[in-house]
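Undergrad: Okay, handing you the structure first.
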Amino acid sequence: MRLLNKTSRSYIFFSLIVFIISGLIFFRLLDNIFDHQLDKTLNEEKLIIEQSINYSDSVPDFRSVFGHMIDITILDTPHKKSEWIHDTVIYDSLKGEFASLRHLFVENTSVKKQGYIINIYKPLRESENLIAEIVIAISLLFISLLFLLILVNYFISRRVWIPFYRTLNTLRQYEIHQGKPLRLTPSDIHEFEMLNNTLERMSEKIRQDYLNLKEFNENAAHELQTPLAIIKSKLELLIQNEELGEHQLQLISSAFEATSRMTKLNQGLLLMSKIDNNQFFQTERINLIPLIEKTLTHFSEIIEIRKISVTTDFTGPVFLIMNATLVEILITNLISNAVRHNVPSGSIHIKLDQEILTISNSGNPPGSDPQQLFERFRKSDHHSDSVGLGLSIVQKISQLYHMRVEYTYDNFIHSLKIYF
Amino acid sequence: MKFLLIEDEKELARSITEYLAKENYLCESVESYKEAVEKINLYKYDCIIVDITLPDGSGLNIIRELKNINPETGIIIISAKNSLDDKITGLEIGADDYLTKPFHLPELNARLKSVIRRRNFGGKNEIIFNEIIILPDQMEVAVQGHPIILTKKEYDLLIFFLSNKERVVTKEAIAEHLWGDEMDMADSFDFIYTHIKNLRKKIMEKGGNDYILTIYGIGYKFSSKI
């Protein structure tokens with residue numbers, strides 16, 4: 001739910017509650033005032049009638065005087081005193097409807113020792129009409145006020161949140177590996193300025209950590225080159241010794257293998273940090289089909305020995321704007337991967353169109369979670385001679401050119417798809 | 001033959017000079033840009049091997065200077081940086097070859113010999129090993145005077161062996177020489193075996209000797225002492 005909707009909803013909800021409560025109170029108040037007014041009139045009329053009963057010889061027709069229903073009964077004997085006022089409903093046979101009335105009842109003994117009963121009825125319709133009108137007016141006022149409130153809220157929100165959305169947008173487009181610090185547009189709203197400052201500080205910290213890590217990776221890989229070169233050269237000198245026995249040679253051979261693996265690993269890491277450092281910035285238009293064919297030729301010996309059948313499906317020339325070295329590494333790694341994780345007498349199918357490059361190969365079911373395949377040093381156990389960087393490099397190169405890599409496995413066929 | 005090795009890493013320099021010394025080459029070694037410039041101004045070398053990242057200057061400048069003094073000297077760059085730009089620049093300003101560290105000593109030796117062969121304009125360009133004669137310019141091989149047909153890989157392998165004759169050459173070095181570093185090591189060892197088998201067969205068919213010795217677990221040795 002958007003913030004604006006959320007606040008508007010709360011506004012409406014609470015305003016409604018306040019309106020209902022205040023409306024009820026207001027209604028009661030108004031009702032009381034009208035009743036009070038009515039009772040005052042009724043009492044005045046009663047006094048006039050009583051005066052007339054006490055001091056006149058005859059009681060006039062008060063109905064015509066006050067214009068509403070008055071019923072006076074004079075009794076010969078004295079009467080006990082009682083008086084009350086209440087609301088009542090009477091069926092008006094003339095109009096054929098029920099009418100709400102205020103009814104004053106009084107019974108007493110006059111100075112002439114005569115008892116009398118007075119009933120005065122005053123219609124409530126006028127006051128009821130008035131209350132209804134007032135309620136409608138106030139409701140209208142409330143609705144228009146609420147509407148205005150929402151409208152104002154909407155426009156203010158839109159204006160006020162502009163810096164926030166600007167910050168959000170900048171954050172969305174920010175990529176840490178581009179190496180630039182995060183710069184947010186300053187805002188005159190304190191809260192957003194605080195947010196911006198915090199974000200900038202945080203991203204700067206992350207960026208520094210990232211740079212340090214990158215530098216470390218690069219330096220570590222780079223510095224390892226020389227010791228590796230020395231070990232390799234010393235071992236090569238050592239094996240020239242003709243007095244070495246089979247056992248010694250075996251030991252040296254193992255050391256050699258380990259050094260070779262380390263060299264490969266190091267080269268992979270160096271390559272990755274070079275990609276990170278954007279050292280392959282020169283791009284050119286590359287025709288993929290000849291490149292794939294060349295790479296297949298490169299692997300032809302192993303393909304032949306393992307009796308792997310290779311099929312290709314090229315719909316037409318596909319050109320990519322990429323760095324020549326990187327695209328070569330990409331294709332080599334993909335094909336090498338398909339060959340390496342294949343089974344004897346297996347198959348490789350390469351499909352290329354304008355959008356997707358698919359390399360499928362037969363192979364045993366994946367041992368681990370497919371999503372982890374792209375992680376560094378992830379490898380299947382059967383090929384401990386591989387260093388497990390191939391697919392990480394594929395992914396890194398793909399990321400650099402905003403291409404998506406997808407791995408699927410279905411019924412002994414592994415497929416890697418690159419979406420250009 | 002006289003070489004100058006310009007390499008600031010002492011141990012690596014020692015390995016290289018030791019390996020090359022067995023070829024009866026005279027190999028001098030310096031560790032800095034300054035010393036290197038002095039040397040090339042004083043003496044004439046057949047080939048220099050230069051590390052382009054030196055503590056006190058760029059090896060590329062040594063190449064530029066050498067090109068002015070002795071343009072016929074062969075130049076091989078060795079670099080810890082596998083940088084295409086450096087490689088292109090180096091080759092543009094006149095280097096003959098470029099090797100990335102860590103490299104195999106037999107590989108450096110083979111490249112060195114190839115550079116010298118190419119630079120040896122006056123003399124007759126041929127490699128002779130007992131009954132085997134190779135004409136590198138024509139890529140032709142003859143055994144006992146009979147030409148033999150080798151595949152590209154078998155030819156490369158033979159040249160590599162002859163460049164490092166009487167030396168133990170590891171399977172790794174051969175694999176890298178033949179396929180570069182993209183090939184998976186374990187896979188390529190099988191192919192090396194196949195290629196060597198074929199090469200041996202082709203030489204022996206024409207009456208040549210079997211010079212290829214298998215060194216258990218490590219590699220091979222091309223040796224006349226059989």
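All residue names refer to the structure tokens as shown: chains lettered A, B, ... in order, residues numbered from 1 in each chain, ligands numbered from 1 in order.
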Near Val37 of chain B, counting only C-alpha atoms, which residues have an atom at most 10 Å away, once you skip same-chain residues fewer than 2 positions from it, shown as a PyMOL selection string?

TA: chain B and resi 6+30+32-35+39-42+59+61-63+65-66

Undergrad: Show me, as a list in words, every residue of chain A with an atom at most 8 Å from chain B, counting only C-alpha atoms.

TA: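 Written out as asked, the residues are His222, Gln225, Thr226, Leu228, Ala229, Ile230, Lys232, Ser233, Lys234, Glu236, Leu237, Ile239, Gln240, Glu246, Leu249, Gln250, Ile252, Ser253, Ser260, Thr263, Glu301, Ile302, Thr332, Asp385 and Ser386 of chain A.
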
Undergrad: At what distance in Å, to one decimal, does atom CA of Glu205 of chain B lie from atom CA of Asn125 of chain B?

TA: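 So the answer is 25.4 Å.
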
Undergrad: For the alpha helix (DSSP H) assignment from backbone DSSP, which residues of segment 181-361 of chain A qualify? Please present them as a VMD selection string.

TA: chain A and resid 190 to 238 246 to 276 288 to 298 300 to 305 324 to 340
